[in-house]
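**Student:** Sharing coords_8.txt below, compact mmCIF, C-alpha atoms:
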```txt
# COMPACT_ATOMS: atom_id res chain seq x y z
CA MET A 1 74.43 144.46 130.96
CA PRO A 2 76.73 141.40 130.83
CA THR A 3 79.73 141.61 128.51
CA GLN A 4 79.49 139.34 125.49
CA SER A 5 82.11 136.55 125.61
CA PHE A 6 84.61 136.00 122.81
CA GLU A 7 82.96 132.65 122.02
CA ASP A 8 79.57 134.32 121.59
CA THR A 9 81.07 136.98 119.35
CA GLN A 10 82.85 134.34 117.28
CA HIS A 11 79.67 132.26 117.00
CA ARG A 12 77.60 135.23 115.84
CA ALA A 13 80.23 136.19 113.27
CA LEU A 14 80.46 132.66 111.90
CA LYS A 15 76.68 132.48 111.72
CA ALA A 16 76.62 135.73 109.74
CA ILE A 17 79.12 134.24 107.28
CA ALA A 18 77.60 130.77 107.01
CA ASP A 19 73.90 131.69 106.90
CA PRO A 20 73.96 132.98 103.28
CA LEU A 21 76.10 130.05 102.10
CA LEU A 22 74.30 127.09 103.66
CA PRO A 23 71.03 127.76 101.75
CA ARG A 24 73.13 127.91 98.58
CA PHE A 25 74.55 124.50 99.44
CA ASP A 26 71.05 123.16 100.17
CA ARG A 27 69.71 124.42 96.84
CA LEU A 28 72.59 122.84 94.99
CA VAL A 29 72.19 119.36 96.44
CA ARG A 30 68.37 119.45 96.28
CA THR A 31 68.29 120.56 92.65
CA TYR A 32 70.07 117.46 91.40
CA VAL A 33 67.74 115.13 93.30
CA LEU A 34 64.56 116.96 92.28
CA LEU A 35 65.52 117.08 88.60
CA ASN A 36 66.37 113.39 88.69
CA ALA A 37 63.04 112.62 90.33
CA ALA A 38 61.21 114.72 87.73
CA LEU A 39 62.92 112.94 84.83
CA PHE A 40 62.35 109.50 86.34
CA THR A 41 58.67 110.34 86.84
CA ALA A 42 58.41 111.59 83.25
CA MET A 43 60.05 108.41 81.92
CA PHE A 44 57.70 106.22 83.95
CA VAL A 45 54.58 108.13 82.86
CA GLU A 46 55.69 108.11 79.22
CA LEU A 47 56.40 104.37 79.31
CA VAL A 48 53.02 103.60 80.91
CA LEU A 49 51.18 105.74 78.38
CA LEU A 50 53.05 104.14 75.47
CA LEU A 51 52.17 100.65 76.67
CA PHE A 52 48.57 101.51 77.53
CA PHE A 53 47.84 103.29 74.23
CA PHE A 54 50.16 101.20 72.07
CA THR A 55 47.36 99.75 69.93
CA PHE A 56 45.91 103.16 69.26
CA LEU A 57 49.28 104.88 68.68
CA ALA A 58 50.50 102.15 66.33
CA LYS A 59 47.90 103.24 63.80
CA SER A 60 49.36 106.73 63.49
CA ALA A 61 52.58 108.68 63.53
CA LEU A 62 52.02 109.44 67.21
CA LEU A 63 53.85 106.23 68.17
CA ALA A 64 57.08 107.53 66.64
CA PHE A 65 56.58 110.84 68.40
CA GLY A 66 55.95 109.10 71.73
CA LEU A 67 59.04 106.93 71.36
CA ALA A 68 61.13 109.95 70.40
CA LEU A 69 59.90 111.80 73.50
CA PHE A 70 60.70 108.79 75.71
CA PHE A 71 64.25 108.44 74.39
CA LEU A 72 64.74 112.20 74.62
CA THR A 73 63.88 112.01 78.32
CA ILE A 74 66.37 109.18 78.82
CA PHE A 75 69.03 111.18 76.97
CA SER A 76 68.27 114.26 79.09
CA TYR A 77 68.69 112.22 82.26
CA PHE A 78 72.16 110.97 81.31
CA MET A 79 73.23 114.40 80.13
CA LEU A 80 72.04 115.88 83.43
CA ARG A 81 73.92 113.22 85.37
CA LEU A 82 77.10 113.87 83.40
CA TYR A 83 76.78 117.62 83.93
CA TYR A 84 76.34 117.36 87.68
CA GLN A 85 79.15 114.83 88.06
CA THR A 86 81.41 117.41 86.42
CA ALA A 87 80.02 120.66 87.81
CA LYS A 88 78.88 119.82 91.33
CA PRO A 89 82.35 119.19 92.88
CA GLN A 90 83.50 122.56 91.57
CA GLN A 91 80.36 124.25 92.89
CA LEU A 92 80.93 122.75 96.34
CA GLN A 93 84.52 123.98 96.28
CA GLU A 94 83.30 127.46 95.33
CA ILE A 95 81.05 127.54 98.40
CA VAL A 96 83.98 126.65 100.66
CA ASP A 97 86.21 129.21 98.94
CA GLN A 98 83.50 131.83 99.43
CA PHE A 99 83.27 130.99 103.14
CA VAL A 100 87.04 131.38 103.51
CA ALA A 101 87.03 134.65 101.55
CA ASN A 102 84.13 136.07 103.59
CA TYR A 103 85.85 135.14 106.83
CA LYS A 104 89.09 136.80 105.75
CA THR A 105 87.20 139.95 104.81
CA LEU A 106 85.24 140.09 108.07
CA TYR A 107 88.29 139.59 110.28
CA ALA A 108 90.76 141.63 108.17
CA TYR A 109 92.81 138.46 107.79
CA ARG A 110 96.59 138.91 107.66
CA GLU A 111 98.99 136.24 106.41
CA ASP A 112 101.64 137.26 108.94
CA GLN A 113 99.35 136.77 111.95
CA PRO A 114 99.38 133.11 113.15
CA GLU A 115 96.30 133.61 115.32
CA HIS A 116 94.31 134.56 112.21
CA ALA A 117 95.19 131.28 110.50
CA ARG A 118 94.31 129.32 113.66
CA ALA A 119 90.96 131.09 113.94
CA LEU A 120 90.11 130.42 110.29
CA ALA A 121 91.08 126.76 110.64
CA SER A 122 88.82 126.49 113.68
CA ALA A 123 85.97 128.21 111.80
CA CYS A 124 86.17 125.69 108.94
CA VAL A 125 86.00 122.77 111.37
CA HIS A 126 83.12 124.43 113.22
CA LEU A 127 81.11 124.76 110.01
CA SER A 128 81.90 121.14 109.13
CA ASP A 129 80.56 120.06 112.52
CA GLN A 130 77.35 121.99 111.86
CA LEU A 131 76.71 119.71 108.88
CA ILE A 132 76.81 116.51 110.94
CA GLY A 133 73.53 114.66 110.38
CA LYS A 134 72.27 117.25 107.91
CA GLU A 135 71.79 114.62 105.19
CA THR A 136 68.74 113.28 107.06
CA GLN A 137 66.98 116.65 107.42
CA TYR A 138 66.09 117.68 103.87
CA TYR A 139 62.56 116.31 103.70
CA PRO A 140 60.71 116.80 107.01
CA PRO A 141 57.11 115.58 106.79
CA PRO A 142 54.08 117.79 107.50
CA ALA A 143 52.73 117.51 111.04
CA PRO A 144 49.92 115.03 110.16
CA PHE A 145 52.48 112.65 108.63
CA VAL A 146 55.10 112.71 111.38
CA PHE A 147 54.93 108.89 111.46
CA ALA A 148 56.79 108.89 108.13
CA THR A 149 59.82 110.69 109.60
CA PRO A 150 62.11 107.62 109.82
CA TYR A 151 61.41 106.68 106.20
CA LEU A 152 61.93 110.21 104.91
CA GLU A 153 65.15 110.52 106.89
CA LYS A 154 66.46 107.33 105.28
CA MET A 155 65.48 108.58 101.85
CA SER A 156 67.08 111.95 102.52
CA SER A 157 70.26 110.29 103.75
CA TRP A 158 70.42 108.05 100.70
CA CYS A 159 70.02 111.06 98.38
CA HIS A 160 72.31 113.53 100.13
CA TRP A 161 74.86 111.64 102.25
CA GLN A 162 77.60 111.90 99.65
CA ASP A 163 77.15 115.64 99.09
CA VAL A 164 77.19 116.47 102.81
CA HIS A 165 80.20 114.20 103.33
CA ARG A 166 82.05 115.87 100.46
CA MET A 167 81.27 119.35 101.81
CA ARG A 168 82.60 118.40 105.25
CA GLU A 169 85.69 116.94 103.62
CA LEU A 170 86.38 120.19 101.74
CA LEU A 171 85.95 122.26 104.91
CA VAL A 172 88.39 120.12 106.90
CA GLN A 173 90.84 120.28 103.99
CA ALA A 174 90.54 124.07 104.10
CA SER A 175 91.35 123.90 107.82
CA ILE A 176 94.42 121.77 107.06
CA GLU A 177 95.59 124.37 104.53
CA GLN A 178 95.62 126.96 107.30
CA HIS A 179 97.62 124.65 109.56
CA LEU A 180 100.12 124.04 106.75
CA HIS A 181 100.44 127.82 106.38
CA LEU A 182 101.31 128.00 110.07
CA VAL A 183 103.91 125.24 109.77
CA ARG A 184 105.60 127.10 106.92
CA GLN A 185 105.78 130.19 109.16
CA GLN A 186 107.02 128.33 112.26
CA PRO A 187 108.49 125.00 111.09
CA THR A 188 109.79 123.86 114.50
CA ASN A 189 106.76 124.83 116.60
CA LEU A 190 105.59 121.51 118.07
CA VAL A 191 102.18 122.89 119.07
CA ILE A 192 101.49 123.72 115.43
CA HIS A 193 102.62 120.25 114.33
CA ALA A 194 100.28 118.78 116.95
CA THR A 195 97.29 120.78 115.68
CA LEU A 196 98.13 119.81 112.09
CA ALA A 197 98.33 116.15 113.08
CA ASN A 198 94.95 116.40 114.81
CA ALA A 199 93.49 118.05 111.71
CA TYR A 200 94.70 115.09 109.64
CA LEU A 201 93.11 112.72 112.16
CA LEU A 202 89.82 114.61 111.90
CA LEU A 203 89.92 114.24 108.12
CA ALA A 204 90.82 110.55 108.41
CA GLU A 205 87.77 110.01 110.63
CA LEU A 206 85.59 111.27 107.79
CA TYR A 207 86.92 108.46 105.62
CA LEU A 208 85.87 105.79 108.12
CA LEU A 209 82.33 105.05 106.92
CA PRO A 210 79.77 103.98 109.51
CA ALA A 211 78.14 100.61 108.97
CA SER A 212 74.86 102.40 108.29
CA SER A 213 76.25 104.39 105.38
CA PRO A 214 73.62 104.53 102.62
CA LEU A 215 76.21 104.25 99.86
CA ASP A 216 76.03 101.08 97.83
CA SER A 217 79.02 98.76 98.31
CA LEU A 218 79.92 99.20 94.63
CA ASP A 219 79.71 103.00 94.68
CA THR A 220 82.90 104.47 93.24
CA TYR A 221 82.96 107.23 95.87
CA LYS A 222 82.92 104.72 98.68
CA GLN A 223 85.67 102.69 97.02
CA THR A 224 88.04 105.67 97.16
CA LEU A 225 87.61 106.26 100.90
CA PRO A 226 89.88 103.48 102.26
CA ALA A 227 92.82 104.77 100.19
CA LYS A 228 92.10 108.33 101.38
CA PHE A 229 91.97 107.10 104.98
CA ILE A 230 95.38 105.43 104.67
CA SER A 231 96.95 108.42 102.91
CA THR A 232 95.63 110.92 105.46
CA SER A 233 96.64 108.70 108.39
CA GLU A 234 100.16 108.48 106.99
CA LYS A 235 100.36 112.28 106.97
CA ALA A 236 99.27 112.35 110.63
CA ILE A 237 101.92 109.71 111.40
CA GLU A 238 104.62 111.92 109.90
CA GLU A 239 103.56 114.86 112.06
CA PHE A 240 103.63 112.78 115.26
CA LYS A 241 107.04 111.40 114.29
CA ILE A 242 108.30 114.97 114.00
CA MET A 243 107.02 115.63 117.50
CA LYS A 244 108.86 112.53 118.76
CA GLU A 245 112.02 113.70 117.03
CA TYR A 246 111.97 117.02 118.86
CA ASP A 247 110.67 115.79 122.22
CA ALA A 248 111.22 112.07 122.74
CA LYS A 249 109.97 112.22 126.34
CA ASP A 250 106.47 113.46 125.51
CA PRO A 251 104.09 110.44 125.70
CA ALA A 252 101.33 112.02 123.58
CA PRO A 253 102.82 111.27 120.14
CA TYR A 254 103.40 107.62 121.10
CA LEU A 255 99.78 107.23 122.20
CA HIS A 256 98.47 108.84 119.02
CA LEU A 257 100.73 106.71 116.83
CA ALA A 258 99.64 103.52 118.60
CA ALA A 259 95.99 104.44 118.00
CA ILE A 260 96.62 105.22 114.32
CA TYR A 261 98.52 101.97 113.78
CA HIS A 262 95.64 100.14 115.44
CA ASP A 263 93.15 101.69 113.01
CA LEU A 264 95.46 100.87 110.10
CA LYS A 265 95.74 97.25 111.32
CA ARG A 266 99.51 97.45 111.70
CA PRO A 267 99.88 95.64 115.04
CA LEU A 268 103.66 95.29 115.14
CA GLU A 269 104.13 99.05 114.82
CA GLU A 270 101.41 99.59 117.42
CA ILE A 271 103.26 97.24 119.77
CA ALA A 272 106.51 99.12 119.17
CA GLU A 273 104.88 102.40 120.25
CA TYR A 274 103.51 100.86 123.46
CA GLU A 275 106.90 99.35 124.21
CA ALA A 276 108.53 102.77 123.74
CA LEU A 277 105.91 104.28 126.05
CA LEU A 278 106.78 101.78 128.75
CA GLN A 279 110.37 102.87 128.58
CA LEU A 280 109.17 106.38 129.39
CA ASP A 281 106.76 105.25 132.11
CA PRO A 282 107.44 101.64 133.21
CA ALA A 283 104.84 101.74 135.99
CA ASN A 284 101.92 102.76 133.75
CA GLN A 285 99.53 99.85 134.19
CA GLU A 286 97.08 100.98 131.52
CA ILE A 287 99.84 100.93 128.92
CA LEU A 288 100.94 97.53 130.21
CA TYR A 289 97.38 96.27 129.81
CA LYS A 290 97.07 97.55 126.24
CA LEU A 291 100.46 96.09 125.34
CA GLY A 292 99.45 92.75 126.86
CA CYS A 293 96.26 92.75 124.76
CA ARG A 294 98.27 93.36 121.59
CA TYR A 295 100.71 90.59 122.53
CA PHE A 296 97.88 88.08 122.95
CA ASP A 297 96.18 89.30 119.76
CA GLU A 298 99.38 88.61 117.82
CA GLY A 299 100.03 85.23 119.45
CA MET A 300 102.95 86.49 121.52
CA ASN A 301 101.60 84.58 124.49
CA GLY A 302 104.85 84.39 126.46
CA LYS A 303 105.17 88.18 126.57
CA GLY A 304 101.47 88.54 127.26
CA LEU A 305 101.65 86.17 130.24
CA ARG A 306 104.56 88.06 131.75
CA ILE A 307 102.53 91.26 131.61
CA TYR A 308 99.50 89.45 133.07
CA GLU A 309 101.57 88.24 136.03
CA SER A 310 102.85 91.76 136.64
CA LEU A 311 99.34 93.21 136.58
CA ARG A 312 97.91 90.42 138.73
CA GLN A 313 100.56 90.87 141.39
CA SER A 314 99.84 94.59 141.51
CA HIS A 315 96.07 93.82 141.78
CA TYR A 316 95.27 95.83 138.65
CA LYS A 317 91.53 95.71 137.99
CA LYS A 318 91.90 94.72 134.32
CA ALA A 319 94.24 91.77 134.88
CA ASP A 320 91.37 89.27 134.66
CA LEU A 321 90.18 90.88 131.41
CA LEU A 322 93.66 90.55 129.97
CA ILE A 323 93.96 86.80 130.58
CA GLN A 324 90.66 86.28 128.78
CA LYS A 325 92.46 87.23 125.57
CA TYR A 326 94.91 84.34 125.95
CA GLY A 327 94.81 82.20 122.81
CA SER A 328 92.88 84.79 120.80
CA GLY A 329 95.65 85.42 118.27
CA SER A 330 97.71 83.46 115.81
CA LEU A 331 100.67 81.60 117.27
CA THR A 332 103.95 83.47 117.01
CA LEU A 333 107.29 82.68 118.62
CA SER A 334 107.83 85.06 121.51
```
Mind turning this structure into structure tokens?
**Tutor:**
Amino acid sequence: MPTQSFEDTQHRALKAIADPLLPRFDRLVRTYVLLNAALFTAMFVELVLLLFFFTFLAKSALLAFGLALFFLTIFSYFMLRLYYQTAKPQQLQEIVDQFVANYKTLYAYREDQPEHARALASACVHLSDQLIGKETQYYPPPAPFVFATPYLEKMSSWCHWQDVHRMRELLVQASIEQHLHLVRQQPTNLVIHATLANAYLLLAELYLLPASSPLDSLDTYKQTLPAKFISTSEKAIEEFKIMKEYDAKDPAPYLHLAAIYHDLKRPLEEIAEYEALLQLDPANQEILYKLGCRYFDEGMNGKGLRIYESLRQSHYKKADLLIQKYGSGSLTLS
């Protein structure tokens, strides 16, 4: 009989931990939507009945009773909304805390064992990845109505996107906590700083909303994401700067920093990282090409042309693509 691999063992253990918790998460996010739907339906039915039987009800005390019932339903809806806005974030955090606690119990977690913290951090990210796309899967249609799948998926996404996103955010934050624990144990270990920086990047990616996000443009949750993206990216920047401080000849931190500055729309700092990279590896044509693109984007056409000539003379395949960017940026003295 073939020996079970470590990955298979890890997967089975994580499944044993997550399986009881994911239905709890599903019940939590469904309950809010279903209660809202029930109250909206009740308000609609009550309003229709009041309007339809208004003439009859006006002749008796039933009109006052009907109006009282209608306003009670409205009041219940707002009270329910207030309750869930307060309680649901804490309930989501409790699920994540329970996952972490169950994992520690199963693996006899020890604070003084770095590999335990790394494994738990990986488990949190793995569970977060399992939730990708889950917001579209809550209301599958019966077989005869499979044609309605796209519409139900959109409705499900609109109802549950925020909850799934928040759960993934909490799981990645739990992973970051484990990386921070490792840094406190081994402050000068560059591998640990690299994994912490990558964890921050993973969290920052969550704050970059896709164009198809169902959240309304005025939604307060969506409005907080750009600030979270910037804050988390800054933390990743600090970790990569630490790596540069300890090993200035490693190109990886420079590449990561250039990519982060690009996402943050800080082109001058991105250019500085590419220029530093060229000092480490002057013959790297791909870096030259990227630097040339940034020069043209920022209107530094003189510097961009010098790079173009260098790439053209070396017959680099992207030289023609680079010159197409000439004139694409604002004019700047170079």
**Student:** For Pro253 in chain A, which residue among A:Phe99, A:Tyr274, A:Tyr109, A:Phe240 is the nearest when counting only C-alpha atoms?
**Tutor:**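 Selected residue with least distance to Pro253 in chain A: A:Phe240.
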**Student:** Centre and edge lengths, as JSON, for the axis-aligned box enclosing every listed atom of range 180-194 of chain A with 5 Å of padding on each of the six sides, in Å to one decimal?
**Tutor:**
```
{"center_x": 105.0, "center_y": 124.5, "center_z": 112.7, "size_x": 19.7, "size_y": 21.4, "size_z": 22.7}
```
**Student:** State, in Å with one decimal place, the distance from CA of Leu311 in chain A to CA of Ala258 in chain A.
**Tutor:**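 Result for CA of Leu311 in chain A versus CA of Ala258 in chain A: 20.7 Å, one decimal.
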**Student:** Near Cys159 in chain A, counting all atoms listed in the file, which residues have an atom at most 12 Å away, once you skip same-chain residues fewer than 6 positions from it, shown as a list in words?
**Tutor:**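 Those residues are Val29, Arg30, Thr31, Tyr32, Val33, Leu34, Asn36, Ala37, Lys134, Glu135, Thr136, Gln137, Tyr138, Tyr139, Leu152, Glu153, His165, Ser213, Pro214, Leu215 and Asp216 of chain A.
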**Student:** If you count all atoms listed in the file, which residues fall within 9 Å of range 72-84 of chain A, apart from same-chain ones fewer than 6 positions away, as an NGL selection string?
**Tutor:** :A and (32 or 35-36 or 39-40 or 42-43)
